[in-house]
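Text of the file work_21.pdb, holding PDB, C-alpha atoms and all ligand atoms:
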```
ATOM      1  CA  MET A   1     134.679-108.972 125.876  1.00  0.00           C
ATOM      2  CA  ASP A   2     133.230-106.632 128.465  1.00  0.00           C
ATOM      3  CA  ILE A   3     130.392-107.955 130.583  1.00  0.00           C
ATOM      4  CA  MET A   4     127.570-106.517 128.403  1.00  0.00           C
ATOM      5  CA  GLN A   5     129.116-107.882 125.207  1.00  0.00           C
ATOM      6  CA  LEU A   6     129.368-111.197 126.977  1.00  0.00           C
ATOM      7  CA  MET A   7     125.671-111.042 127.927  1.00  0.00           C
ATOM      8  CA  LYS A   8     124.793-110.438 124.276  1.00  0.00           C
ATOM      9  CA  TRP A   9     127.038-113.209 123.001  1.00  0.00           C
ATOM     10  CA  CYS A  10     125.843-115.699 125.618  1.00  0.00           C
ATOM     11  CA  ARG A  11     122.886-116.975 123.574  1.00  0.00           C
ATOM     12  CA  SER A  12     121.660-120.496 122.862  1.00  0.00           C
ATOM     13  CA  TYR A  13     123.857-122.149 120.232  1.00  0.00           C
ATOM     14  CA  ARG A  14     122.719-125.198 118.328  1.00  0.00           C
ATOM     15  CA  ARG A  15     125.477-126.009 115.828  1.00  0.00           C
ATOM     16  CA  PHE A  16     129.037-126.682 116.953  1.00  0.00           C
ATOM     17  CA  ASP A  17     132.462-127.619 115.612  1.00  0.00           C
ATOM     18  CA  GLN A  18     132.376-131.238 116.693  1.00  0.00           C
ATOM     19  CA  SER A  19     136.060-131.702 115.864  1.00  0.00           C
ATOM     20  CA  ARG A  20     137.090-129.120 118.472  1.00  0.00           C
ATOM     21  CA  PRO A  21     137.121-130.415 122.053  1.00  0.00           C
ATOM     22  CA  ILE A  22     136.900-128.109 125.054  1.00  0.00           C
ATOM     23  CA  PRO A  23     140.330-127.700 126.676  1.00  0.00           C
ATOM     24  CA  GLU A  24     140.797-128.836 130.275  1.00  0.00           C
ATOM     25  CA  ASN A  25     141.240-125.298 131.619  1.00  0.00           C
ATOM     26  CA  VAL A  26     137.976-124.124 130.020  1.00  0.00           C
ATOM     27  CA  LEU A  27     136.107-127.163 131.350  1.00  0.00           C
ATOM     28  CA  ASP A  28     137.578-126.332 134.715  1.00  0.00           C
ATOM     29  CA  HIS A  29     136.138-122.779 134.542  1.00  0.00           C
ATOM     30  CA  ILE A  30     132.685-124.061 133.568  1.00  0.00           C
ATOM     31  CA  LEU A  31     132.554-126.540 136.451  1.00  0.00           C
ATOM     32  CA  GLU A  32     134.016-124.095 138.941  1.00  0.00           C
ATOM     33  CA  ALA A  33     131.313-121.594 137.944  1.00  0.00           C
ATOM     34  CA  ALA A  34     128.650-124.138 138.979  1.00  0.00           C
ATOM     35  CA  ARG A  35     130.494-125.041 142.166  1.00  0.00           C
ATOM     36  CA  LEU A  36     130.728-121.424 143.299  1.00  0.00           C
ATOM     37  CA  ALA A  37     127.139-120.460 142.370  1.00  0.00           C
ATOM     38  CA  ASN A  38     124.731-118.939 144.869  1.00  0.00           C
ATOM     39  CA  SER A  39     122.145-121.287 146.378  1.00  0.00           C
ATOM     40  CA  ALA A  40     119.266-120.833 148.792  1.00  0.00           C
ATOM     41  CA  SER A  41     120.506-121.233 152.385  1.00  0.00           C
ATOM     42  CA  ASN A  42     123.816-122.264 150.804  1.00  0.00           C
ATOM     43  CA  ARG A  43     122.473-125.825 150.605  1.00  0.00           C
ATOM     44  CA  GLN A  44     124.278-126.645 147.320  1.00  0.00           C
ATOM     45  CA  GLN A  45     121.891-129.484 146.539  1.00  0.00           C
ATOM     46  CA  LEU A  46     122.659-129.813 142.864  1.00  0.00           C
ATOM     47  CA  ARG A  47     124.778-132.668 141.548  1.00  0.00           C
ATOM     48  CA  PHE A  48     126.158-132.739 138.026  1.00  0.00           C
ATOM     49  CA  VAL A  49     127.171-135.482 135.642  1.00  0.00           C
ATOM     50  CA  VAL A  50     129.851-134.262 133.257  1.00  0.00           C
ATOM     51  CA  VAL A  51     129.627-136.111 129.953  1.00  0.00           C
ATOM     52  CA  ARG A  52     132.887-135.512 128.160  1.00  0.00           C
ATOM     53  CA  SER A  53     133.947-138.686 126.357  1.00  0.00           C
ATOM     54  CA  PRO A  54     132.975-138.394 122.665  1.00  0.00           C
ATOM     55  CA  GLU A  55     131.404-141.867 122.794  1.00  0.00           C
ATOM     56  CA  MET A  56     129.192-140.972 125.735  1.00  0.00           C
ATOM     57  CA  VAL A  57     128.231-137.574 124.261  1.00  0.00           C
ATOM     58  CA  GLU A  58     127.112-139.383 121.108  1.00  0.00           C
ATOM     59  CA  LYS A  59     125.178-141.905 123.183  1.00  0.00           C
ATOM     60  CA  ILE A  60     123.233-139.118 124.925  1.00  0.00           C
ATOM     61  CA  PHE A  61     122.764-136.869 121.890  1.00  0.00           C
ATOM     62  CA  PRO A  62     119.752-138.714 120.364  1.00  0.00           C
ATOM     63  CA  PHE A  63     117.827-138.083 123.588  1.00  0.00           C
ATOM     64  CA  THR A  64     118.171-134.288 123.313  1.00  0.00           C
ATOM     65  CA  HIS A  65     115.718-132.156 121.295  1.00  0.00           C
ATOM     66  CA  TRP A  66     116.519-128.767 119.885  1.00  0.00           C
ATOM     67  CA  ALA A  67     114.766-125.610 118.720  1.00  0.00           C
ATOM     68  CA  ALA A  68     111.162-126.781 118.955  1.00  0.00           C
ATOM     69  CA  MET A  69     110.021-123.378 117.619  1.00  0.00           C
ATOM     70  CA  LEU A  70     111.648-123.935 114.235  1.00  0.00           C
ATOM     71  CA  PRO A  71     110.159-126.061 111.460  1.00  0.00           C
ATOM     72  CA  LYS A  72     110.841-129.756 111.970  1.00  0.00           C
ATOM     73  CA  GLU A  73     114.556-130.616 112.336  1.00  0.00           C
ATOM     74  CA  ALA A  74     115.706-127.118 111.202  1.00  0.00           C
ATOM     75  CA  GLY A  75     117.332-126.412 114.552  1.00  0.00           C
ATOM     76  CA  GLN A  76     118.554-129.928 115.324  1.00  0.00           C
ATOM     77  CA  PRO A  77     122.380-130.154 115.096  1.00  0.00           C
ATOM     78  CA  LYS A  78     123.327-132.360 112.140  1.00  0.00           C
ATOM     79  CA  GLU A  79     126.169-134.901 111.901  1.00  0.00           C
ATOM     80  CA  GLY A  80     129.445-133.074 112.618  1.00  0.00           C
ATOM     81  CA  GLU A  81     127.619-130.223 114.413  1.00  0.00           C
ATOM     82  CA  HIS A  82     126.929-131.958 117.708  1.00  0.00           C
ATOM     83  CA  PRO A  83     128.020-130.505 121.055  1.00  0.00           C
ATOM     84  CA  VAL A  84     131.215-131.914 122.569  1.00  0.00           C
ATOM     85  CA  LEU A  85     130.214-131.720 126.232  1.00  0.00           C
ATOM     86  CA  PHE A  86     127.032-132.213 128.232  1.00  0.00           C
ATOM     87  CA  VAL A  87     126.563-131.255 131.860  1.00  0.00           C
ATOM     88  CA  VAL A  88     123.541-133.025 133.332  1.00  0.00           C
ATOM     89  CA  SER A  89     122.037-131.173 136.301  1.00  0.00           C
ATOM     90  CA  THR A  90     120.371-133.316 138.950  1.00  0.00           C
ATOM     91  CA  TYR A  91     119.137-133.077 142.525  1.00  0.00           C
ATOM     92  CA  GLU A  92     117.906-135.568 145.085  1.00  0.00           C
ATOM     93  CA  THR A  93     114.146-135.719 144.549  1.00  0.00           C
ATOM     94  CA  ALA A  94     113.326-136.156 148.255  1.00  0.00           C
ATOM     95  CA  ALA A  95     115.380-133.077 149.133  1.00  0.00           C
ATOM     96  CA  LYS A  96     113.710-130.779 146.586  1.00  0.00           C
ATOM     97  CA  ALA A  97     112.997-127.455 148.248  1.00  0.00           C
ATOM     98  CA  LYS A  98     111.089-124.338 147.252  1.00  0.00           C
ATOM     99  CA  TRP A  99     114.112-122.750 145.635  1.00  0.00           C
ATOM    100  CA  THR A 100     115.853-125.741 144.051  1.00  0.00           C
ATOM    101  CA  ASP A 101     114.797-124.730 140.538  1.00  0.00           C
ATOM    102  CA  LEU A 102     116.095-121.227 141.134  1.00  0.00           C
ATOM    103  CA  ASP A 103     119.441-122.654 142.296  1.00  0.00           C
ATOM    104  CA  LEU A 104     119.463-124.654 139.092  1.00  0.00           C
ATOM    105  CA  GLY A 105     118.889-121.596 136.926  1.00  0.00           C
ATOM    106  CA  ILE A 106     121.658-119.703 138.674  1.00  0.00           C
ATOM    107  CA  ALA A 107     124.137-122.567 138.263  1.00  0.00           C
ATOM    108  CA  GLU A 108     123.289-122.875 134.570  1.00  0.00           C
ATOM    109  CA  ALA A 109     123.582-119.150 134.005  1.00  0.00           C
ATOM    110  CA  ARG A 110     126.983-119.201 135.682  1.00  0.00           C
ATOM    111  CA  MET A 111     128.198-122.163 133.623  1.00  0.00           C
ATOM    112  CA  THR A 112     126.999-120.742 130.306  1.00  0.00           C
ATOM    113  CA  LEU A 113     128.561-117.344 131.057  1.00  0.00           C
ATOM    114  CA  ALA A 114     131.871-118.882 132.105  1.00  0.00           C
ATOM    115  CA  ALA A 115     131.825-120.842 128.853  1.00  0.00           C
ATOM    116  CA  ALA A 116     130.961-117.756 126.787  1.00  0.00           C
ATOM    117  CA  ALA A 117     133.889-115.880 128.311  1.00  0.00           C
ATOM    118  CA  GLU A 118     136.095-118.532 126.660  1.00  0.00           C
ATOM    119  CA  GLY A 119     134.258-118.442 123.323  1.00  0.00           C
ATOM    120  CA  VAL A 120     132.363-121.642 124.081  1.00  0.00           C
ATOM    121  CA  GLY A 121     128.686-121.681 123.134  1.00  0.00           C
ATOM    122  CA  SER A 122     126.004-123.537 125.037  1.00  0.00           C
ATOM    123  CA  CYS A 123     122.357-124.478 125.071  1.00  0.00           C
ATOM    124  CA  ILE A 124     120.272-125.339 128.115  1.00  0.00           C
ATOM    125  CA  LEU A 125     118.018-128.282 127.274  1.00  0.00           C
ATOM    126  CA  ALA A 126     114.858-129.252 129.148  1.00  0.00           C
ATOM    127  CA  ASN A 127     113.367-131.114 126.183  1.00  0.00           C
ATOM    128  CA  ILE A 128     115.243-134.328 126.857  1.00  0.00           C
ATOM    129  CA  GLU A 129     114.355-137.999 127.257  1.00  0.00           C
ATOM    130  CA  ARG A 130     115.162-138.595 130.888  1.00  0.00           C
ATOM    131  CA  ASP A 131     114.674-142.372 131.146  1.00  0.00           C
ATOM    132  CA  PRO A 132     117.240-143.411 128.519  1.00  0.00           C
ATOM    133  CA  ILE A 133     119.626-140.712 129.754  1.00  0.00           C
ATOM    134  CA  ARG A 134     119.323-142.066 133.292  1.00  0.00           C
ATOM    135  CA  GLU A 135     120.056-145.563 132.047  1.00  0.00           C
ATOM    136  CA  ALA A 136     123.004-144.563 129.857  1.00  0.00           C
ATOM    137  CA  LEU A 137     124.644-142.571 132.653  1.00  0.00           C
ATOM    138  CA  ASP A 138     123.616-144.866 135.490  1.00  0.00           C
ATOM    139  CA  ILE A 139     121.970-142.021 137.425  1.00  0.00           C
ATOM    140  CA  ASP A 140     120.503-143.143 140.752  1.00  0.00           C
ATOM    141  CA  ALA A 141     116.687-143.344 140.778  1.00  0.00           C
ATOM    142  CA  ALA A 142     116.650-141.082 143.860  1.00  0.00           C
ATOM    143  CA  TYR A 143     117.889-138.173 141.719  1.00  0.00           C
ATOM    144  CA  GLU A 144     115.757-136.059 139.422  1.00  0.00           C
ATOM    145  CA  ILE A 145     117.322-135.202 136.067  1.00  0.00           C
ATOM    146  CA  ALA A 146     116.476-131.522 135.704  1.00  0.00           C
ATOM    147  CA  THR A 147     118.177-130.298 132.543  1.00  0.00           C
ATOM    148  CA  ILE A 148     121.208-130.885 130.365  1.00  0.00           C
ATOM    149  CA  THR A 149     123.474-128.059 129.264  1.00  0.00           C
ATOM    150  CA  ALA A 150     125.274-128.645 125.979  1.00  0.00           C
ATOM    151  CA  PHE A 151     128.602-126.989 125.154  1.00  0.00           C
ATOM    152  CA  GLY A 152     130.870-126.586 122.132  1.00  0.00           C
ATOM    153  CA  TYR A 153     132.529-124.019 119.894  1.00  0.00           C
ATOM    154  CA  PRO A 154     129.667-122.580 117.834  1.00  0.00           C
ATOM    155  CA  THR A 155     129.671-122.502 114.035  1.00  0.00           C
ATOM    156  CA  HIS A 156     126.835-119.991 113.744  1.00  0.00           C
ATOM    157  CA  GLU A 157     126.004-116.594 115.149  1.00  0.00           C
ATOM    158  CA  SER A 158     123.015-115.572 117.193  1.00  0.00           C
ATOM    159  CA  HIS A 159     121.629-112.043 117.126  1.00  0.00           C
ATOM    160  CA  ILE A 160     119.174-110.275 119.345  1.00  0.00           C
ATOM    161  CA  VAL A 161     116.393-108.574 117.381  1.00  0.00           C
ATOM    162  CA  ASP A 162     113.549-106.300 118.429  1.00  0.00           C
ATOM    163  CA  MET A 163     110.340-108.132 119.163  1.00  0.00           C
ATOM    164  CA  LYS A 164     107.412-107.420 116.833  1.00  0.00           C
ATOM    165  CA  ASP A 165     103.783-107.785 117.953  1.00  0.00           C
ATOM    166  CA  GLY A 166     104.782-109.786 121.019  1.00  0.00           C
ATOM    167  CA  ASP A 167     106.068-112.659 118.872  1.00  0.00           C
ATOM    168  CA  VAL A 168     108.628-114.573 120.956  1.00  0.00           C
ATOM    169  CA  LYS A 169     109.529-117.029 118.168  1.00  0.00           C
ATOM    170  CA  TYR A 170     113.209-117.114 117.260  1.00  0.00           C
ATOM    171  CA  TYR A 171     114.047-117.795 113.623  1.00  0.00           C
ATOM    172  CA  LEU A 172     116.945-118.383 111.228  1.00  0.00           C
ATOM    173  CA  ASP A 173     118.103-115.701 108.796  1.00  0.00           C
ATOM    174  CA  GLU A 174     119.390-116.379 105.254  1.00  0.00           C
ATOM    175  CA  LYS A 175     122.802-117.402 106.662  1.00  0.00           C
ATOM    176  CA  ARG A 176     121.144-119.804 109.115  1.00  0.00           C
ATOM    177  CA  ASN A 177     122.149-117.598 112.016  1.00  0.00           C
ATOM    178  CA  PHE A 178     119.681-117.436 114.882  1.00  0.00           C
ATOM    179  CA  CYS A 179     117.636-114.264 115.450  1.00  0.00           C
ATOM    180  CA  VAL A 180     116.218-114.021 118.944  1.00  0.00           C
ATOM    181  CA  PRO A 181     113.518-111.417 119.663  1.00  0.00           C
ATOM    182  CA  LYS A 182     113.725-109.779 123.063  1.00  0.00           C
ATOM    183  CA  ARG A 183     111.056-107.627 124.680  1.00  0.00           C
ATOM    184  CA  SER A 184     111.699-103.907 125.025  1.00  0.00           C
ATOM    185  CA  ARG A 185     112.912-102.320 128.225  1.00  0.00           C
ATOM    186  CA  GLU A 186     109.622-100.409 128.430  1.00  0.00           C
ATOM    187  CA  GLU A 187     107.729-103.692 128.510  1.00  0.00           C
ATOM    188  CA  LEU A 188     109.938-105.264 131.159  1.00  0.00           C
ATOM    189  CA  PHE A 189     110.750-102.521 133.605  1.00  0.00           C
ATOM    190  CA  ARG A 190     108.559-100.137 135.537  1.00  0.00           C
ATOM    191  CA  MET A 191     110.634 -97.355 136.952  1.00  0.00           C
ATOM    192  CA  VAL A 192     109.408 -95.689 140.139  1.00  0.00           C
TER     193      VAL A 192
HETATM  194  C1  LIG B 201     114.996-123.786 131.143  1.00  0.00           C
HETATM  195  C2  LIG B 201     115.328-123.750 129.665  1.00  0.00           C
HETATM  196  C3  LIG B 201     115.063-124.867 128.888  1.00  0.00           C
HETATM  197  C4  LIG B 201     115.402-124.869 127.525  1.00  0.00           C
HETATM  198  N1  LIG B 201     115.211-126.018 126.794  1.00  0.00           N
HETATM  199  C5  LIG B 201     115.595-126.037 125.493  1.00  0.00           C
HETATM  200  C6  LIG B 201     115.514-127.241 124.738  1.00  0.00           C
HETATM  201  O1  LIG B 201     115.097-128.285 125.231  1.00  0.00           O
HETATM  202  N2  LIG B 201     115.925-127.218 123.445  1.00  0.00           N
HETATM  203  C7  LIG B 201     116.441-126.074 122.874  1.00  0.00           C
HETATM  204  O2  LIG B 201     116.824-126.118 121.707  1.00  0.00           O
HETATM  205  N3  LIG B 201     116.540-124.922 123.564  1.00  0.00           N
HETATM  206  C8  LIG B 201     116.141-124.875 124.857  1.00  0.00           C
HETATM  207  N4  LIG B 201     116.289-123.719 125.588  1.00  0.00           N
HETATM  208  C9  LIG B 201     116.840-122.509 124.949  1.00  0.00           C
HETATM  209  C10 LIG B 201     115.730-121.464 124.717  1.00  0.00           C
HETATM  210  O3  LIG B 201     114.982-121.850 123.588  1.00  0.00           O
HETATM  211  C11 LIG B 201     116.418-120.100 124.498  1.00  0.00           C
HETATM  212  O4  LIG B 201     116.982-119.695 125.722  1.00  0.00           O
HETATM  213  C12 LIG B 201     115.431-119.035 124.030  1.00  0.00           C
HETATM  214  O5  LIG B 201     114.923-119.350 122.757  1.00  0.00           O
HETATM  215  C13 LIG B 201     116.094-117.655 123.959  1.00  0.00           C
HETATM  216  O6  LIG B 201     117.281-117.702 123.186  1.00  0.00           O
HETATM  217  P1  LIG B 201     118.642-117.226 123.812  1.00  0.00           P
HETATM  218  O7  LIG B 201     119.043-118.253 124.843  1.00  0.00           O
HETATM  219  O8  LIG B 201     119.600-117.180 122.661  1.00  0.00           O
HETATM  220  O9  LIG B 201     118.394-115.897 124.443  1.00  0.00           O
HETATM  221  C14 LIG B 201     115.967-123.704 126.937  1.00  0.00           C
HETATM  222  C15 LIG B 201     116.237-122.576 127.739  1.00  0.00           C
HETATM  223  C16 LIG B 201     115.931-122.606 129.090  1.00  0.00           C
HETATM  224  C17 LIG B 201     116.273-121.394 129.935  1.00  0.00           C
END
```

Using the file provided, produce a representation of the structure as structure tokens.
Ligand SMILES: Cc1cc2nc3c(=O)[nH]c(=O)nc-3n(C[C@H](O)[C@H](O)[C@H](O)COP(=O)(O)O)c2cc1C
Amino acid sequence: MDIMQLMKWCRSYRRFDQSRPIPENVLDHILEAARLANSASNRQQLRFVVVRSPEMVEKIFPFTHWAAMLPKEAGQPKEGEHPVLFVVSTYETAAKAKWTDLDLGIAEARMTLAAAAEGVGSCILANIERDPIREALDIDAAYEIATITAFGYPTHESHIVDMKDGDVKYYLDEKRNFCVPKRSREELFRMV
């Protein structure tokens, strides 16, 4: 895939082949992408918990919530469609700086792109239940749980569609593939 195809393919995926684990070398690329990411003043404040054992992934899964824009449960991965890897992004609360959230976004974008380059789909999740996740993973109270990124080999497609009347809502087509409206270039960019 060239870089622009990769950008198009690197969407949010919400149904996975749960029987297909992520090989070590692909996991290595995903984690290395986060490690090498840019960060403000090169502070590298983020810390990640890599949830890879199937038992632990299943323990965390009920505390993740998917596709809130779709009718109830329509976007929630069903039994056998769960992700096979979670990367929990955290930072020390007392050390939070102006740009920590931006660092976080960059690290997640890097991880999801590295995954996509290997055919692995992902979904960044902010709609998560942080207290039970903290308990299950024994995450120190001094650390904020920012987001979780879910990974797995996707079993659906996701297509970019033109946005109509400013409606940002994604939807499922007749094959249950995701359709994701994006704003036009004219709306986003002012050329001078
Ligand atoms: C910071 C952030 C938080 C998100 N949280 C969730 C979430 O909790 N659950 C979910 O299903 N999708 C979540 N998403 C995925 C967005 O819904 C998705 O990026 C958006 O609909 C556009 O689709 P695309 O990623 O395929 O372009 C999140 C994305 C971002 C960037």

At most 10 Å is the cut-off: for each residue in chain A with any atom that close to an atom of ligand LIG 201 (chain B), write down the nearest atom pair and the distance in Å rounded to one decimal, counting all atoms listed in the file, chain first then increasing number, as a tab-separated table.
```
residue	atom	partner	partner_atom	distance
A:Met7	CA	B:LIG201	O9	9.4
A:Lys8	CA	B:LIG201	O9	8.4
A:Trp9	CA	B:LIG201	O8	8.4
A:Cys10	CA	B:LIG201	O8	7.1
A:Arg11	CA	B:LIG201	O8	3.4
A:Ser12	CA	B:LIG201	O8	3.9
A:Tyr13	CA	B:LIG201	O8	7.0
A:Arg14	CA	B:LIG201	O2	6.9
A:Thr64	CA	B:LIG201	O1	7.0
A:His65	CA	B:LIG201	N2	5.4
A:Trp66	CA	B:LIG201	O2	3.2
A:Ala67	CA	B:LIG201	O2	3.7
A:Ala68	CA	B:LIG201	O2	6.3
A:Met69	CA	B:LIG201	O3	7.9
A:Leu70	CA	B:LIG201	O2	9.3
A:Gly75	CA	B:LIG201	O2	7.2
A:Gln76	CA	B:LIG201	O2	7.6
A:Pro77	CA	B:LIG201	O2	9.5
A:Asp101	CA	B:LIG201	C1	9.4
A:Leu104	CA	B:LIG201	C1	9.2
A:Gly105	CA	B:LIG201	C1	7.3
A:Glu108	CA	B:LIG201	C17	8.5
A:Ala109	CA	B:LIG201	C17	8.7
A:Thr112	CA	B:LIG201	O7	10.0
A:Ser122	CA	B:LIG201	O7	8.7
A:Cys123	CA	B:LIG201	C9	5.9
A:Ile124	CA	B:LIG201	C14	4.8
A:Leu125	CA	B:LIG201	O1	3.6
A:Ala126	CA	B:LIG201	N1	4.0
A:Asn127	CA	B:LIG201	O1	3.4
A:Ile128	CA	B:LIG201	O1	6.3
A:Glu129	CA	B:LIG201	O1	10.0
A:Ala146	CA	B:LIG201	C1	9.1
A:Thr147	CA	B:LIG201	C3	7.2
A:Ile148	CA	B:LIG201	O1	8.4
A:Thr149	CA	B:LIG201	C4	8.9
A:Ala150	CA	B:LIG201	C7	9.7
A:Glu157	CA	B:LIG201	O8	9.9
A:Ser158	CA	B:LIG201	O8	6.6
A:His159	CA	B:LIG201	O8	7.8
A:Ile160	CA	B:LIG201	O9	7.6
A:Val168	CA	B:LIG201	O5	8.1
A:Lys169	CA	B:LIG201	O5	7.5
A:Tyr170	CA	B:LIG201	O5	6.2
A:Tyr171	CA	B:LIG201	O5	9.3
A:Phe178	CA	B:LIG201	O8	7.8
A:Cys179	CA	B:LIG201	O8	8.0
A:Val180	CA	B:LIG201	O6	5.7
A:Pro181	CA	B:LIG201	C13	8.0
A:Lys182	CA	B:LIG201	O9	7.8
```

Could those residues be written to a file, using C-alpha atoms, as a CSV table (one decimal), keeping the file's coordinate frame?
```csv
chain,number,residue,atom,x,y,z
A,7,MET,CA,125.7,-111.0,127.9
A,8,LYS,CA,124.8,-110.4,124.3
A,9,TRP,CA,127.0,-113.2,123.0
A,10,CYS,CA,125.8,-115.7,125.6
A,11,ARG,CA,122.9,-117.0,123.6
A,12,SER,CA,121.7,-120.5,122.9
A,13,TYR,CA,123.9,-122.1,120.2
A,14,ARG,CA,122.7,-125.2,118.3
A,64,THR,CA,118.2,-134.3,123.3
A,65,HIS,CA,115.7,-132.2,121.3
A,66,TRP,CA,116.5,-128.8,119.9
A,67,ALA,CA,114.8,-125.6,118.7
A,68,ALA,CA,111.2,-126.8,119.0
A,69,MET,CA,110.0,-123.4,117.6
A,70,LEU,CA,111.6,-123.9,114.2
A,75,GLY,CA,117.3,-126.4,114.6
A,76,GLN,CA,118.6,-129.9,115.3
A,77,PRO,CA,122.4,-130.2,115.1
A,101,ASP,CA,114.8,-124.7,140.5
A,104,LEU,CA,119.5,-124.7,139.1
A,105,GLY,CA,118.9,-121.6,136.9
A,108,GLU,CA,123.3,-122.9,134.6
A,109,ALA,CA,123.6,-119.2,134.0
A,112,THR,CA,127.0,-120.7,130.3
A,122,SER,CA,126.0,-123.5,125.0
A,123,CYS,CA,122.4,-124.5,125.1
A,124,ILE,CA,120.3,-125.3,128.1
A,125,LEU,CA,118.0,-128.3,127.3
A,126,ALA,CA,114.9,-129.3,129.1
A,127,ASN,CA,113.4,-131.1,126.2
A,128,ILE,CA,115.2,-134.3,126.9
A,129,GLU,CA,114.4,-138.0,127.3
A,146,ALA,CA,116.5,-131.5,135.7
A,147,THR,CA,118.2,-130.3,132.5
A,148,ILE,CA,121.2,-130.9,130.4
A,149,THR,CA,123.5,-128.1,129.3
A,150,ALA,CA,125.3,-128.6,126.0
A,157,GLU,CA,126.0,-116.6,115.1
A,158,SER,CA,123.0,-115.6,117.2
A,159,HIS,CA,121.6,-112.0,117.1
A,160,ILE,CA,119.2,-110.3,119.3
A,168,VAL,CA,108.6,-114.6,121.0
A,169,LYS,CA,109.5,-117.0,118.2
A,170,TYR,CA,113.2,-117.1,117.3
A,171,TYR,CA,114.0,-117.8,113.6
A,178,PHE,CA,119.7,-117.4,114.9
A,179,CYS,CA,117.6,-114.3,115.4
A,180,VAL,CA,116.2,-114.0,118.9
A,181,PRO,CA,113.5,-111.4,119.7
A,182,LYS,CA,113.7,-109.8,123.1
```

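Closest approach to Pro62 of chain A among A:Lys78, A:Phe151, A:Val49, A:Ile139: A:Lys78, based on all atoms listed in the file.
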
Using all atoms listed in the file, which residues sit within 12 Å of Asn42 of chain A once same-chain residues fewer than 4 positions away are excluded, as a compact mmCIF listing (two decimals) with C-alpha atoms, in the coordinates of the input?
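Result went into selection.txt, see below:
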```txt
# COMPACT_ATOMS: atom_id res chain seq x y z
CA ARG A 35 130.49 -125.04 142.17
CA LEU A 36 130.73 -121.42 143.30
CA ALA A 37 127.14 -120.46 142.37
CA ASN A 38 124.73 -118.94 144.87
CA LEU A 46 122.66 -129.81 142.86
CA TRP A 99 114.11 -122.75 145.64
CA THR A 100 115.85 -125.74 144.05
CA ASP A 103 119.44 -122.65 142.30
```

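In this structure, atom CA of Met56 of chain A sits 9.4 Å away from atom CA of Phe86 of chain A.
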
> Do you know which residues are at most 12 Å from Asp131 of chain A counting only C-alpha atoms, after dropping those on the same chain fewer than 3 positions away, and could you put them as an MDAnalysis selection string?
Replying inline: chainID A and resid 60 63:64 128 134:141 143:146

> Selected by the PyMOL selection byres (((chain A and resi 52) around 8) and not hetatm) in the shown coordinates: which residues, as a list in words?
Replying inline: Val50, Val51, Ser53, Pro54, Met56, Val57, Val84, Leu85 and Phe86 of chain A

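Take atom CA of Arg110 of chain A and atom CA of Lys98 of chain A: the distance between them is 20.3 Å.
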
Report the centre and edge lengths, in Å to one decimal, of an axis-aligned box enclosing every atom of segment 109-120 of chain A listed in the file, padded by 5 Å on each side, as JSON.
```
{"center_x": 129.8, "center_y": -119.0, "center_z": 129.5, "size_x": 22.5, "size_y": 16.3, "size_z": 22.4}
```

> Which of these residues is nearest to Pro21 of chain A, using all atoms listed in the file: A:Ala94, A:Ile3, A:Val120, A:Ile133?
Replying inline: A:Val120

>> What's the separation between atom CA of Ala107 of chain A and atom CA of Ala34 of chain A, in Å to one decimal place?
In response: 4.8 Å

>> Going by the chain IDs and residue numbers used in this file, which residues fall under the PyMOL selection byres (((chain A and resi 47) around 6) and not hetatm)? Write them as a VMD selection string.
In response: chain A and resid 46 48 90 to 91

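Between Arg15 of chain A and the residues A:Lys59, A:His156, A:His29, A:Lys96, the shortest atom-to-atom distance, using only C-alpha atoms, involves A:His156.
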
> Which residues match the PyMOL selection byres (((chain A and resi 184) around 10) and not hetatm) in the file above, as number ranges by chain?
Replying inline: A: 162-164, 166, 181-183, 185-189

>> I want to know what sits within 10 Å of Gly80 of chain A, based on all atoms listed in the file, with residues of the same chain fewer than 5 positions away left out; could you give that as a ChimeraX atom specification?
In response: /A:15-19
